[in-house]
>>> print(open('final-v5.txt').read())   # compact mmCIF, C-alpha atoms
# COMPACT_ATOMS: atom_id res chain seq x y z
CA GLY A 159 120.30 122.50 81.96
CA SER A 160 122.50 119.42 82.25
CA ALA A 161 120.00 117.94 84.73
CA PHE A 162 117.65 117.32 81.83
CA THR A 163 119.84 114.31 81.05
CA GLY A 164 118.26 112.83 84.21
CA TYR A 165 114.83 113.51 82.70
CA ALA A 166 115.82 111.87 79.43
CA ALA A 167 117.28 108.82 81.19
CA GLY A 168 114.20 108.39 83.39
CA HIS A 169 111.85 108.88 80.47
CA LEU A 170 113.72 106.38 78.28
CA ALA A 171 113.89 103.74 81.03
CA ALA A 172 110.18 104.15 81.79
CA LEU A 173 109.22 103.91 78.12
CA ALA A 174 111.06 100.59 77.90
CA ALA A 175 109.35 99.23 81.02
CA ALA A 176 105.88 100.71 80.58
CA GLY A 177 104.63 98.63 77.65
CA PRO A 178 105.01 95.25 79.37
CA LEU A 179 103.58 96.68 82.60
CA VAL A 180 100.50 98.02 80.80
CA ASP A 181 100.04 94.65 79.11
CA ARG A 182 100.37 92.82 82.42
CA ILE A 183 98.30 94.91 84.85
CA GLY A 184 96.25 97.14 82.53
CA ALA A 185 96.44 100.77 81.51
CA ARG A 186 94.36 102.21 84.36
CA ARG A 187 96.46 100.62 87.10
CA SER A 188 99.69 101.52 85.30
CA LEU A 189 98.57 105.12 84.97
CA ALA A 190 97.80 105.29 88.70
CA LEU A 191 101.25 103.90 89.54
CA ALA A 192 102.94 106.35 87.17
CA LEU A 193 102.33 109.23 89.55
CA PHE A 194 104.35 107.81 92.44
CA PRO A 195 107.78 108.86 91.06
CA MET A 196 106.44 112.41 90.60
CA ALA A 197 105.24 112.51 94.20
CA ALA A 198 108.63 111.27 95.40
CA GLY A 199 110.35 113.91 93.26
CA LEU A 200 108.18 116.66 94.71
CA LEU A 201 108.95 115.55 98.25
CA LEU A 202 112.68 115.44 97.48
CA LEU A 203 112.47 118.88 95.93
CA GLY A 204 110.95 120.28 99.11
CA LEU A 205 113.14 118.40 101.57
CA GLY A 206 116.48 118.09 99.81
CA ARG A 207 119.35 120.42 99.15
CA GLY A 208 122.18 120.26 96.65
CA GLU A 209 122.84 120.28 92.94
CA TRP A 210 122.28 116.51 92.66
CA LEU A 211 118.62 117.11 93.47
CA ALA A 212 117.90 118.58 90.02
CA PHE A 213 119.09 115.35 88.35
CA VAL A 214 117.07 113.11 90.65
CA TYR A 215 113.94 115.29 90.52
CA LEU A 216 113.96 115.49 86.74
CA GLY A 217 114.75 111.77 86.49
CA LEU A 218 111.69 110.96 88.58
CA ILE A 219 109.56 113.32 86.50
CA GLY A 220 110.90 111.59 83.37
CA ILE A 221 109.86 108.21 84.80
CA THR A 222 106.37 109.52 85.45
CA GLN A 223 106.16 110.99 81.97
CA GLY A 224 107.35 107.77 80.32
CA PHE A 225 104.86 105.59 82.18
CA ALA A 226 102.02 108.10 81.87
CA SER A 227 102.43 108.65 78.14
CA THR A 228 102.40 104.92 77.47
CA ALA A 229 99.51 104.11 79.80
CA ALA A 230 97.43 107.15 78.80
CA GLY A 231 97.52 106.11 75.18
CA ALA A 232 96.02 102.76 76.12
CA VAL A 233 93.64 103.79 78.91
CA TRP A 234 91.17 105.56 76.65
CA ALA A 235 90.89 102.61 74.29
CA GLU A 236 90.65 100.24 77.26
CA ARG A 237 87.95 102.33 78.92
CA TYR A 238 85.87 103.66 76.02
CA GLY A 239 86.83 101.57 72.99
CA VAL A 240 88.34 102.91 69.79
CA LEU A 241 85.30 104.34 68.00
CA HIS A 242 85.72 107.89 69.37
CA LEU A 243 89.38 107.64 70.35
CA GLY A 244 90.41 110.71 68.34
CA ALA A 245 87.79 112.95 69.95
CA ILE A 246 88.64 111.67 73.43
CA ARG A 247 92.37 112.23 72.97
CA ALA A 248 91.73 115.72 71.55
CA MET A 249 89.64 116.67 74.58
CA VAL A 250 92.25 115.29 76.99
CA GLN A 251 95.02 117.21 75.21
CA ALA A 252 92.97 120.43 75.36
CA ILE A 253 92.46 119.97 79.11
CA MET A 254 96.18 119.32 79.52
CA VAL A 255 97.10 122.50 77.65
CA VAL A 256 94.75 124.57 79.79
CA SER A 257 95.99 123.00 83.03
CA THR A 258 99.64 123.58 82.14
CA ALA A 259 98.81 127.21 81.38
CA VAL A 260 96.95 127.71 84.66
CA ALA A 261 99.39 125.88 86.95
CA PRO A 262 102.24 128.43 86.83
CA VAL A 263 99.81 131.24 87.62
CA VAL A 264 98.37 129.38 90.62
CA LEU A 265 101.80 128.31 91.90
CA GLY A 266 103.17 131.81 91.42
CA PHE A 267 100.25 133.24 93.36
CA LEU A 268 100.83 130.76 96.20
CA LEU A 269 104.53 131.62 96.33
CA ASP A 270 103.62 135.32 96.37
CA GLN A 271 101.49 134.59 99.44
CA ASP A 272 104.70 133.47 101.20
CA LEU A 273 103.84 129.77 101.04
CA SER A 274 107.10 127.95 101.65
CA LEU A 275 108.58 125.70 98.99
CA LEU A 276 108.45 122.80 101.44
CA LEU A 277 104.74 123.29 102.13
CA LEU A 278 103.99 123.74 98.44
CA THR A 279 105.85 120.59 97.39
CA VAL A 280 104.25 118.55 100.19
CA LEU A 281 100.81 119.79 99.14
CA LEU A 282 101.49 118.97 95.50
CA ALA A 283 102.85 115.52 96.41
CA GLY A 284 99.75 114.93 98.53
CA LEU A 285 97.47 115.91 95.65
CA THR A 286 99.44 113.67 93.31
CA LEU A 287 99.21 110.69 95.67
CA SER A 288 95.50 111.37 96.26
CA GLY A 289 94.84 111.39 92.53
CA SER A 290 96.85 108.22 92.08
CA THR A 291 95.00 106.48 94.90
CA LEU A 292 91.59 107.54 93.57
CA ALA A 293 92.53 106.37 90.07
CA TRP A 294 93.64 103.01 91.46
CA LEU A 295 90.47 102.61 93.52
CA ALA A 296 88.29 103.58 90.55
CA GLY A 297 89.92 100.82 88.53
CA GLU A 298 89.34 98.34 91.37
CA VAL A 299 85.69 99.32 91.80
CA GLU A 300 85.05 99.25 88.07
CA GLY A 301 86.87 95.94 87.73
CA GLY A 302 84.75 94.49 90.53
CA LEU A 303 81.57 95.77 88.91
CA SER A 304 82.45 94.34 85.52
CA HIS A 305 83.25 90.96 87.07
CA SER A 306 79.95 90.91 88.96
CA ASN A 307 78.05 91.52 85.73
CA THR A 308 79.50 88.46 84.02
>>> encode(input="final-v5.txt", output="structure tokens")
Amino acid sequence: GSAFTGYAAGHLAALAAAGPLVDRIGARRSLALALFPMAAGLLLLGLGRGEWLAFVYLGLIGITQGFASTAAGAVWAERYGVLHLGAIRAMVQAIMVVSTAVAPVVLGFLLDQDLSLLLLTVLLAGLTLSGSTLAWLAGEVEGGLSHSNT
């Protein structure tokens, strides 16, 4: 339980740094970068041992959450404008609720199939980095397309 102080510290630090980063490089790029601390935390969780790991893992998750919550709030307005912002955010929140309900079931099933914690964390880190990379590339492609249209 005391390791959640690592989460709080990471979250607070990321909230302080995220606003200027979003303003400087844009919400989509910031959101893609936000997933890297989570991937690092997942790899540490699979590879590391010791009580200190809980503090570091939760700190890295807090950093991701701080950056993601700041960037996500701006990415929808940046991408789609503000006319339907409420409906977009409601849909995204509904998807998030469903995904957080499904994830423990899927992870529990995989653990029941004797998938090792190391393999599971490496797979999850790989998925996280893949999503981050695709989000970054989508922003680059879209940015290139919008520049070519001007």
>>> closest_residue(input="final-v5.txt", among="A:Ser257, A:Gly244, A:Ala283, A:Leu265", to="Met196 in chain A", atoms="only C-alpha atoms")
A:Ala283
>>> atom_distance(input="final-v5.txt", atom1="CA of Ser227 in chain A", atom2="CA of Tyr165 in chain A")
14.1 Å
>>> closest_residue(input="final-v5.txt", among="A:Ala212, A:Ala296, A:Val240, A:Val256", to="Ala190 in chain A", atoms="only C-alpha atoms")
A:Ala296
>>> residues_around(input="final-v5.txt", residues="Leu179 in chain A", least_positions_apart="4", cutoff="12 Å", atoms="only C-alpha atoms", output="number ranges by chain")
A: 172-175, 183-189, 191-192, 224-226, 228-229, 232
>>> closest_residue(input="final-v5.txt", among="A:Ala171, A:Ala235, A:Val263, A:Leu285", to="Ile219 in chain A", atoms="all atoms listed in the file")
A:Ala171
>>> atom_distance(input="final-v5.txt", atom1="CA of Thr163 in chain A", atom2="CA of Gln223 in chain A")
14.1 Å
>>> closest_residue(input="final-v5.txt", among="A:Val255, A:Met249, A:Ala161, A:Leu268", to="Leu281 in chain A", atoms="all atoms listed in the file")
A:Leu268
>>> residues_near_point(input="final-v5.txt", point="(102.9, 111.4, 99.9)", cutoff="8 Å", atoms="all atoms listed in the file", output="list of chain:residue names")
A:Ala197, A:Ala198, A:Leu201, A:Val280, A:Ala283, A:Gly284, A:Thr286, A:Leu287
>>> atom_distance(input="final-v5.txt", atom1="CA of Ala245 in chain A", atom2="CA of Gly231 in chain A")
13.0 Å
>>> decode(input="final-v5.txt", residues="range 166-179 of chain A", atoms="N, CA, C and O atoms", output="short mmCIF file (atom, residue, chain, number, x, y, z; two decimals), in the first residue's frame")
data_model
loop_
_atom_site.label_atom_id
_atom_site.label_comp_id
_atom_site.auth_asym_id
_atom_site.auth_seq_id
_atom_site.Cartn_x
_atom_site.Cartn_y
_atom_site.Cartn_z
N ALA A 166 1.65 8.39 -6.69
CA ALA A 166 1.26 9.79 -6.49
C ALA A 166 2.38 10.74 -6.89
O ALA A 166 2.13 11.77 -7.54
N ALA A 167 3.61 10.41 -6.53
CA ALA A 167 4.75 11.27 -6.88
C ALA A 167 4.95 11.32 -8.39
O ALA A 167 5.15 12.39 -8.97
N GLY A 168 4.87 10.16 -9.06
CA GLY A 168 5.01 10.13 -10.51
C GLY A 168 3.89 10.88 -11.21
O GLY A 168 4.12 11.63 -12.15
N HIS A 169 2.69 10.69 -10.73
CA HIS A 169 1.52 11.35 -11.31
C HIS A 169 1.64 12.87 -11.16
O HIS A 169 1.42 13.62 -12.13
N LEU A 170 1.99 13.32 -9.97
CA LEU A 170 2.12 14.76 -9.71
C LEU A 170 3.22 15.38 -10.57
O LEU A 170 3.03 16.44 -11.18
N ALA A 171 4.37 14.73 -10.64
CA ALA A 171 5.48 15.25 -11.46
C ALA A 171 5.08 15.32 -12.93
O ALA A 171 5.38 16.31 -13.63
N ALA A 172 4.39 14.29 -13.42
CA ALA A 172 3.98 14.27 -14.82
C ALA A 172 2.93 15.33 -15.11
O ALA A 172 2.96 15.96 -16.17
N LEU A 173 2.02 15.55 -14.18
CA LEU A 173 1.01 16.59 -14.38
C LEU A 173 1.67 17.96 -14.52
O LEU A 173 1.25 18.78 -15.34
N ALA A 174 2.71 18.19 -13.73
CA ALA A 174 3.41 19.48 -13.80
C ALA A 174 4.16 19.65 -15.12
O ALA A 174 4.26 20.75 -15.66
N ALA A 175 4.68 18.55 -15.66
CA ALA A 175 5.47 18.63 -16.89
C ALA A 175 4.64 18.47 -18.16
O ALA A 175 5.06 18.90 -19.23
N ALA A 176 3.48 17.88 -18.06
CA ALA A 176 2.71 17.51 -19.26
C ALA A 176 2.14 18.72 -20.00
O ALA A 176 2.15 18.73 -21.23
N GLY A 177 1.64 19.69 -19.29
CA GLY A 177 1.03 20.85 -19.95
C GLY A 177 1.98 21.54 -20.91
O GLY A 177 1.65 21.73 -22.09
N PRO A 178 3.18 21.93 -20.44
CA PRO A 178 4.12 22.56 -21.37
C PRO A 178 4.54 21.65 -22.53
O PRO A 178 4.74 22.12 -23.65
N LEU A 179 4.65 20.34 -22.26
CA LEU A 179 5.01 19.41 -23.33
C LEU A 179 3.91 19.34 -24.39
O LEU A 179 4.20 19.37 -25.59
#
